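First up is the structure itself, then whatever we jot down about it.
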Amino acid sequence: MADFQRFHTYILNIRFVRFAGVGCCTTALDFAIFYFLHFIYGLAIIPANAVSYGTGIAIGFFINRVWTFHDAMHRSHRRVMLSLIYGYIGLILNTILVWRLSLYIPAMLAKTAAVLVILLYNYLTNKYLVFRVNK
């Protein structure tokens, strides 16, 4: 039984590392799009963040489905809908944080702080609500 628990803990740690790796890549894309839209194109913070973060949600879902949670074979509309629902709740929370924090600190620093706060929310909703395994 102890071996099973160690193996289970190992798998959970791998999933979190993979999830964080996917998150780092999609966050880099998010930041690049945000920077372009807000600082180069001149779009306001809220729509720039919505577009950049929304792009990360879409790309992250597909990569996490196949690579992090090994769910490529389950083409569940329910999972897509849950991912979108929780992803866009994360988008709303992220955008509120970026908007409020940017009143006091530079926009890119506000975006960084928001990403750090939302990381745990995203992992927990994906692991326990979107890609949970029913036993």
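Following the order of the structure tokens, first chain is A, next is B, and so on, with residues numbered from 1 inside each chain and ligands from 1 in the order they appear.
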- Query: Which residues in range 3-132 of chain A does DSSP call alpha helix (DSSP H)? List them as a ChimeraX atom specification.
  - Reply: /A:3-35,45-63,77-101,107-125
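Between CA of Phe34 in chain A and CA of Phe131 in chain A the interatomic distance comes to 28.1 Å.
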Long-range neighbours of range 106-114 of chain A as a PDB file with C-alpha atoms, in the first residue's frame, 12 Å cut-off, only C-alpha atoms, 3 positions minimum in chain:
ATOM      1  CA  CYS A  24       4.686  28.887 -18.267  1.00  0.00           C
ATOM      2  CA  THR A  27       1.780  32.611 -19.854  1.00  0.00           C
ATOM      3  CA  ALA A  28       4.732  33.680 -22.009  1.00  0.00           C
ATOM      4  CA  ASP A  30      -0.195  35.675 -22.833  1.00  0.00           C
ATOM      5  CA  PHE A  31       2.420  38.274 -21.829  1.00  0.00           C
ATOM      6  CA  ALA A  32       3.644  38.699 -25.408  1.00  0.00           C
ATOM      7  CA  ILE A  33       0.123  39.237 -26.732  1.00  0.00           C
ATOM      8  CA  PHE A  34      -0.735  41.557 -23.820  1.00  0.00           C
ATOM      9  CA  TYR A  35       2.442  43.594 -24.354  1.00  0.00           C
ATOM     10  CA  PHE A  36       1.747  43.951 -28.069  1.00  0.00           C
ATOM     11  CA  HIS A  38      -1.486  47.230 -24.726  1.00  0.00           C
ATOM     12  CA  PHE A  39       1.910  48.862 -25.239  1.00  0.00           C
ATOM     13  CA  ALA A  44      -6.814  49.388 -22.923  1.00  0.00           C
ATOM     14  CA  ILE A  45      -5.756  46.999 -20.154  1.00  0.00           C
ATOM     15  CA  ILE A  46      -9.059  45.130 -19.782  1.00  0.00           C
ATOM     16  CA  ALA A  48      -5.875  43.476 -23.957  1.00  0.00           C
ATOM     17  CA  ASN A  49      -5.854  41.153 -20.952  1.00  0.00           C
ATOM     18  CA  ALA A  50      -9.069  39.430 -22.036  1.00  0.00           C
ATOM     19  CA  SER A  52      -4.226  37.551 -24.282  1.00  0.00           C
ATOM     20  CA  TYR A  53      -5.468  35.464 -21.346  1.00  0.00           C
ATOM     21  CA  GLY A  90     -10.127  32.598 -14.106  1.00  0.00           C
ATOM     22  CA  LEU A  91     -10.042  35.211 -16.872  1.00  0.00           C
ATOM     23  CA  ILE A  92     -12.467  37.413 -14.956  1.00  0.00           C
ATOM     24  CA  LEU A  93     -10.509  37.027 -11.719  1.00  0.00           C
ATOM     25  CA  ASN A  94      -7.219  37.641 -13.536  1.00  0.00           C
ATOM     26  CA  THR A  95      -8.535  40.715 -15.333  1.00  0.00           C
ATOM     27  CA  ILE A  96      -9.924  42.204 -12.116  1.00  0.00           C
ATOM     28  CA  LEU A  97      -6.571  41.649 -10.406  1.00  0.00           C
ATOM     29  CA  VAL A  98      -4.597  43.137 -13.305  1.00  0.00           C
ATOM     30  CA  TRP A  99      -6.917  46.128 -13.544  1.00  0.00           C
ATOM     31  CA  ARG A 100      -6.934  46.879  -9.803  1.00  0.00           C
ATOM     32  CA  LEU A 101      -3.223  46.267  -9.265  1.00  0.00           C
ATOM     33  CA  SER A 102      -2.298  48.364 -12.318  1.00  0.00           C
ATOM     34  CA  LEU A 103      -3.748  51.375 -10.510  1.00  0.00           C
ATOM     35  CA  VAL A 117      -2.458  34.172  -7.778  1.00  0.00           C
ATOM     36  CA  ILE A 118      -4.496  32.451 -10.498  1.00  0.00           C
ATOM     37  CA  LEU A 119      -2.042  29.538 -11.004  1.00  0.00           C
ATOM     38  CA  LEU A 120      -3.356  27.589  -8.019  1.00  0.00           C
ATOM     39  CA  TYR A 121      -6.983  28.253  -8.975  1.00  0.00           C
ATOM     40  CA  ASN A 122      -6.365  26.977 -12.510  1.00  0.00           C
TER      41      ASN A 122
END
- Go through A:Leu82, A:Leu129, A:Leu29, A:Leu43 and flag the residue nearest Gly60 in chain A, using only C-alpha atoms for the distances.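 Ranking A:Leu82, A:Leu129, A:Leu29, A:Leu43 by distance to Gly60 in chain A, first place goes to A:Leu29.
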- Item | Polymer residues at most 8 Å from range 12-23 of chain A, only C-alpha atoms, same-chain spacing of 6 or more positions, as a list in words | Gly60, Ile63, Asn64, Trp67, Thr68, Phe69, Leu119 and Tyr123 of chain A
- Using only C-alpha atoms, which residue out of A:Thr26, A:Pro47, A:Val115, A:Arg65 lies closest to Arg79 in chain A? A:Arg65
